[in-house]
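Here's the structure, in structure tokens; my notes come after.
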Amino acid sequence: MSLRTFKKGGVHPPEQKLSADRPIEQLALPPKVIIPLSQHIGAPATIMVAKGDHVRVGQLIAQSGGFVSANIHASASGTVESVEPVADGTGYRRPAITIAVAGDEWMEGIDRSPTLAHDPGLAPNDILARIAEAGIVGLGGATFPTHVKLTIPTGKQANILIINAVECEPYLTSDPRVMLERGPEIMEGIALLMRAIGVSRAVVGIENNKPDAIAHLEQLAHERSGVEVQPLRVKYPQGGEKMLIKAIMGREVPSGGLPIDVGAVVVNVGTALAVYEAVLKRKPMVERVVTVTGKSLQRPSNFMVRIGTPVSALIEAAGGLPNDTGKIISGGPMMGKALLSTDVAVTKGTSGIVVLPQPEALKQKPQTCIRCARCVSACPLGLEPYLFARLSQHGRFADMEVERVMDCMECGSCFYTCPARVSLLDYIKLGKNEVGALIRARNAKK
Amino acid sequence: MDNKQLAVSLSPHVQGPHTTQKLMLNVVLALMPAMAVSLFYFGIGTLIVTLISVGSCVLFEYLIQRFVLRVKPTVGDLSAVVTGIILAFNVPSNLPWYIVVLGALVAIGMAKMSFGGLGNNIFNPAIVARVFLLISFPVQMTSWPLPIESRLQYTDALTGATPLALLKEGLGKGQSVAQIDLPSHMDMFMGLMGGSLGEVSALALLIGMVWLLATRTITWHIPVSIIGTVLVLTGAMWLIAPDTHASPLFHLLTGGLLLGAIFMATDYVTSPMHPSGMWVYGIGIGLLTVVIRVWGSYPEGMSFAILIMNGAVPLINRYMKPKRFGERRADK
């Protein structure tokens, strides 16, 4: 099959998939898990337990706090130690539930056997209800509640399900590992998703630097009707929804619009597996696959980790923190967040932990923009990052809105490609923040 | 964890391989074939003029940043070296040293630093200096050493005229193109003709262009649009009136057209930011060059054309924008 990709812009950072051949290992339970109440986009969940309560794995401990929100379940059994705020990766203290772990006692009704379950013919609404109940969110990193994404707005219609198995971030390898090890389950998950949104066609987009995953899923897709695998040319940021839709369908999601505007629903491949487990095994989202990697790390690995496990436990299991560590990133190096400390917990959105050595950790000193236009050619959305930087420096935020700064998905291709090392994305983020405030003020007046 | 110092910053956390210095170094390397040809044809004059030009450009940039602007000098980015070489390439190899130094002062002091230094100047510094010298020292700036014969002489070199000057003079006297004694196309392709020390060899300049394109230092849009426009316009005139108009090939090989199209019009700072704008800019330069060459009082028009279009770049950037992803027609 011919390779596809999105047309304009994009960059090719070195892939660094150090842990690509490491099978997923189950990480031991930590003595304590810290479960934040806001692990998803939308309203934080409402706490349902009190200090001293005994909880079991899979027990609902915080309930979805609005339409766009998600349930949160205990990821370990034991006693609720506190319901006080705990500092997260950014250093801010945020509401969380801390559980002192004792044993590994699961709720009844959760099927933990490896036997492949088949869809008994559930109605779309039942599928959605089970997904919502299990607190499934997008595992690619954006953590948008999955049941909300699958609820098609009135007046719109879905024609295609796109499974995002691109993993275009350098270093991260959880998607290909899941595809190689849990292929049949993913296929069941895809069938459930197709039923839930009422489409007869699903396309799995995989970049062609993962030939084994492509071959494996192609073979499995053969037995299914309506499911195809589309190999894609390696190009960052192909894992962005808009880019993936462009690559696979050749259509552009309108500015300010959603994938459903072109009839598409995009779901991460790891999420498809979680959907299978939630719907057919009744297993809530209590664990996820996390890649722990870095050039100086002894054993770059892929771990199955309980939500709430401290990052330090993951790094220990991968051989300990190297002496030359300069930066620890939650997520990939292009869009991930730098962590202040390793005490923070793994959440539903933690796709990887990347440890960068000292020399690479610091950004190079910014020089003057030489107007080489590389950022303009690199921007996949047709924006002008150099102009945003200038406008942002001068506080001209209204002009930034006119130039469509809110379209920016913060992929960072502009900064990656800038020879003068201008902090383009920092200026853009500042601008988006200010423009967001302008828009809110305008809406409040209406 | 122990008291390890962790760096915290916004994403992305990795940066690409290009730096300003590497890009400038690519330009310097791309200029080397033309440099070698010039050393072969004009010998000692090329050497003296280039060294003085590069040396004084770097020195002026350093002195102005250090003592006038009181900032940390950035001569390490090599941009002043590029300006120095290109300025030297734009003057005759017998130009007295003090005129070269004056040119460097105009390029760096007036055209570059007074606008705020690298990245902020509107006009290409080397071309501003060249035009300044052409107007201020018309005699010295239009006496062209003969190639090969004057290799061992500097200011005392034997001089002749450029092919474009010969053409203009001959046509002025009422001669037809065929009657004018012009160098062969092969000689002009190799660089065996009078002219500024770096502009003569089309072959060497084209090798430089291949390097710039292969290393992705520049894109093809500007050189192709300029050269294409000149070929189309001069080709049309030549087909209509071959007696009074030289062939498009002649125009392509003379008057620094390739030097300008490949190395001067593509200067990052003074050229547009988007391919559509580059087309407008390139076509404008090609058009103005032909107009000045054919109807103007100067035999060659590349420098003036680039300067005029430099001035239009902010306007071009304002209107020639990339197509936004997912833009709806109604939004425009």
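Order determines the names: the first chain of the structure tokens is A, the second B, and so forth; residues in each chain are numbered 1 upward, and ligands are numbered 1 upward as they are shown.
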Tell me as a compact mmCIF listing (two decimals) with all heavy atoms, in the first residue's frame which residues belonging to chain B come within 6 Å of chain A, counting only C-alpha atoms.
# COMPACT_ATOMS: atom_id res chain seq x y z
N LEU B 6 17.07 19.93 38.27
CA LEU B 6 16.39 19.59 37.04
C LEU B 6 16.03 20.86 36.29
O LEU B 6 15.56 21.83 36.86
CB LEU B 6 15.10 18.82 37.34
CG LEU B 6 15.26 17.40 37.88
CD1 LEU B 6 13.88 16.78 38.09
CD2 LEU B 6 16.06 16.55 36.90
N ALA B 7 16.29 20.85 34.98
CA ALA B 7 15.89 21.99 34.16
C ALA B 7 14.40 21.89 33.89
O ALA B 7 13.88 20.80 33.64
CB ALA B 7 16.67 21.97 32.85
N VAL B 8 13.70 23.00 33.99
CA VAL B 8 12.28 23.02 33.69
C VAL B 8 12.03 24.10 32.66
O VAL B 8 12.43 25.25 32.84
CB VAL B 8 11.44 23.31 34.95
CG1 VAL B 8 9.96 23.36 34.61
CG2 VAL B 8 11.69 22.25 36.00
N SER B 11 7.80 23.06 26.37
CA SER B 11 8.16 22.21 25.25
C SER B 11 8.41 23.08 24.01
O SER B 11 7.96 24.22 23.98
CB SER B 11 7.03 21.23 24.97
OG SER B 11 5.86 21.92 24.62
N PRO B 12 9.04 22.58 22.97
CA PRO B 12 9.71 21.28 22.85
C PRO B 12 11.03 21.25 23.61
O PRO B 12 11.63 22.28 23.87
CB PRO B 12 9.98 21.15 21.35
CG PRO B 12 9.26 22.24 20.68
CD PRO B 12 9.05 23.31 21.70
N HIS B 13 11.47 20.02 23.89
CA HIS B 13 12.70 19.84 24.64
C HIS B 13 13.86 19.38 23.77
O HIS B 13 14.91 19.03 24.27
CB HIS B 13 12.44 18.85 25.78
CG HIS B 13 11.26 19.24 26.62
ND1 HIS B 13 11.30 20.28 27.52
CD2 HIS B 13 9.98 18.77 26.65
CE1 HIS B 13 10.10 20.41 28.10
NE2 HIS B 13 9.29 19.52 27.58
N GLN B 15 15.95 20.28 19.90
CA GLN B 15 16.11 21.29 18.86
C GLN B 15 16.80 20.68 17.65
O GLN B 15 17.62 19.77 17.78
CB GLN B 15 16.92 22.47 19.39
CG GLN B 15 16.10 23.36 20.30
CD GLN B 15 16.93 24.40 21.01
OE1 GLN B 15 17.75 24.09 21.84
NE2 GLN B 15 16.69 25.65 20.69
N GLY B 16 16.47 21.20 16.49
CA GLY B 16 17.02 20.68 15.24
C GLY B 16 18.49 21.02 15.05
O GLY B 16 19.07 21.74 15.86
N HIS B 18 20.05 22.77 12.65
CA HIS B 18 20.49 24.01 12.02
C HIS B 18 20.77 25.10 13.06
O HIS B 18 20.05 25.24 14.03
CB HIS B 18 19.43 24.54 11.06
CG HIS B 18 19.37 23.75 9.80
ND1 HIS B 18 20.40 23.73 8.89
CD2 HIS B 18 18.40 22.96 9.27
CE1 HIS B 18 20.08 22.96 7.88
NE2 HIS B 18 18.87 22.47 8.09
N THR B 19 21.84 25.89 12.83
CA THR B 19 22.06 27.11 13.60
C THR B 19 22.37 28.21 12.60
O THR B 19 22.72 27.94 11.46
CB THR B 19 23.25 26.99 14.56
OG1 THR B 19 24.43 26.77 13.79
CG2 THR B 19 23.08 25.83 15.55
N THR B 20 22.22 29.45 13.04
CA THR B 20 22.52 30.59 12.18
C THR B 20 23.94 30.46 11.63
O THR B 20 24.18 30.64 10.44
CB THR B 20 22.40 31.89 12.98
OG1 THR B 20 21.08 31.97 13.50
CG2 THR B 20 22.68 33.11 12.12
N GLY B 119 19.10 40.73 11.03
CA GLY B 119 17.69 40.39 11.17
C GLY B 119 16.76 41.58 11.10
O GLY B 119 15.56 41.42 10.94
N TYR B 268 18.29 36.02 3.64
CA TYR B 268 17.11 35.73 4.46
C TYR B 268 16.40 37.00 4.94
O TYR B 268 15.20 37.14 4.87
CB TYR B 268 17.51 34.98 5.73
CG TYR B 268 18.01 33.58 5.53
CD1 TYR B 268 19.07 33.11 6.27
CD2 TYR B 268 17.39 32.73 4.63
CE1 TYR B 268 19.53 31.81 6.12
CE2 TYR B 268 17.84 31.43 4.48
CZ TYR B 268 18.91 30.97 5.23
OH TYR B 268 19.35 29.70 5.10
N VAL B 269 17.23 37.92 5.48
CA VAL B 269 16.68 39.05 6.20
C VAL B 269 15.85 39.94 5.27
O VAL B 269 14.83 40.49 5.68
CB VAL B 269 17.82 39.87 6.84
CG1 VAL B 269 17.26 41.02 7.64
CG2 VAL B 269 18.69 38.97 7.71
N MET B 273 8.94 35.87 3.37
CA MET B 273 8.88 34.74 4.29
C MET B 273 8.13 33.54 3.72
O MET B 273 8.12 32.48 4.32
CB MET B 273 8.19 35.17 5.59
CG MET B 273 8.90 36.24 6.36
SD MET B 273 10.52 35.74 6.96
CE MET B 273 10.10 34.73 8.38
N PRO B 322 0.88 32.30 3.91
CA PRO B 322 0.57 30.90 3.64
C PRO B 322 -0.92 30.65 3.79
O PRO B 322 -1.61 31.37 4.51
CB PRO B 322 1.35 30.15 4.72
CG PRO B 322 1.75 31.16 5.73
CD PRO B 322 1.75 32.48 5.07
N LYS B 323 -1.42 29.62 3.09
CA LYS B 323 -2.82 29.26 3.23
C LYS B 323 -2.97 28.58 4.59
O LYS B 323 -2.29 27.61 4.89
CB LYS B 323 -3.21 28.29 2.13
CG LYS B 323 -4.70 28.00 2.12
CD LYS B 323 -5.02 26.76 1.30
CE LYS B 323 -6.39 26.22 1.63
NZ LYS B 323 -6.48 25.63 2.98
N ARG B 324 -3.85 29.12 5.40
CA ARG B 324 -4.07 28.54 6.72
C ARG B 324 -4.76 27.20 6.58
O ARG B 324 -5.68 27.05 5.78
CB ARG B 324 -4.93 29.45 7.59
CG ARG B 324 -4.51 30.89 7.63
CD ARG B 324 -3.21 31.07 8.35
NE ARG B 324 -3.04 32.46 8.75
CZ ARG B 324 -1.87 33.11 8.69
NH1 ARG B 324 -0.80 32.51 8.22
NH2 ARG B 324 -1.78 34.35 9.10
N PHE B 325 -4.35 26.23 7.40
CA PHE B 325 -4.96 24.91 7.40
C PHE B 325 -6.43 25.04 7.81
O PHE B 325 -6.74 25.67 8.80
CB PHE B 325 -4.21 24.01 8.37
CG PHE B 325 -4.62 22.57 8.35
CD1 PHE B 325 -3.95 21.67 7.55
CD2 PHE B 325 -5.68 22.13 9.13
CE1 PHE B 325 -4.32 20.33 7.53
CE2 PHE B 325 -6.06 20.79 9.11
CZ PHE B 325 -5.38 19.89 8.31
N GLY B 326 -7.30 24.41 7.04
CA GLY B 326 -8.71 24.39 7.41
C GLY B 326 -9.40 25.74 7.27
O GLY B 326 -10.42 25.97 7.89
N GLU B 327 -8.83 26.61 6.44
CA GLU B 327 -9.44 27.92 6.27
C GLU B 327 -10.70 27.79 5.41
O GLU B 327 -10.67 27.17 4.36
CB GLU B 327 -8.45 28.86 5.58
CG GLU B 327 -8.91 30.29 5.56
CD GLU B 327 -7.76 31.19 5.11
OE1 GLU B 327 -7.15 30.90 4.07
OE2 GLU B 327 -7.49 32.15 5.80
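Every residue of segment 334-420 of chain A found in alpha helix (DSSP H) when DSSP is run on the backbone appears here: Gln358, Pro359, Glu360, Ala361, Arg374, Cys375, Val376, Ser377, Ala378, Pro385, Tyr386, Leu387, Phe388, Ala389, Arg390, Leu391, Ser392, Gln393, Phe397, Ala398, Asp399, Met400, Glu401, Val402, Ser413, Cys414, Phe415, Tyr416 and Thr417 of chain A.
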Gap from atom CA of Val81 of chain B to atom CA of Leu158 of chain B - Å, one decimal: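 About the pair atom CA of Val81 of chain B and atom CA of Leu158 of chain B: they are 29.1 Å apart.
Take atom CA of Met304 of chain A and atom CA of Val289 of chain A: the distance between them is 4.5 Å.
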Close residues, His185 of chain B itself excluded, 8 Å, only C-alpha atoms, min 5 positions apart in chain, as number ranges by chain: B: 249-250, 253
Would you list, as a PyMOL selection string, the residues of segment 327-422 of chain A that end up in strand (DSSP E or B) under DSSP run on this structure's backbone? chain A and resi 327-330+337-338+345+352-357
May I have the residues from that selection written out with C-alpha atoms, as a compact mmCIF listing (two decimals), in the first residue's frame?
# COMPACT_ATOMS: atom_id res chain seq x y z
CA LYS A 327 15.66 17.15 32.65
CA ILE A 328 12.78 14.73 33.17
CA ILE A 329 9.87 15.00 30.77
CA SER A 330 6.39 13.64 31.23
CA LYS A 337 6.03 18.74 30.23
CA ALA A 338 9.27 19.07 32.17
CA ALA A 345 2.34 10.41 40.15
CA GLY A 352 6.08 8.29 28.77
CA ILE A 353 8.87 9.49 31.00
CA VAL A 354 11.88 10.75 29.04
CA VAL A 355 15.12 11.42 30.91
CA LEU A 356 17.37 13.86 29.05
CA PRO A 357 21.07 14.09 29.89
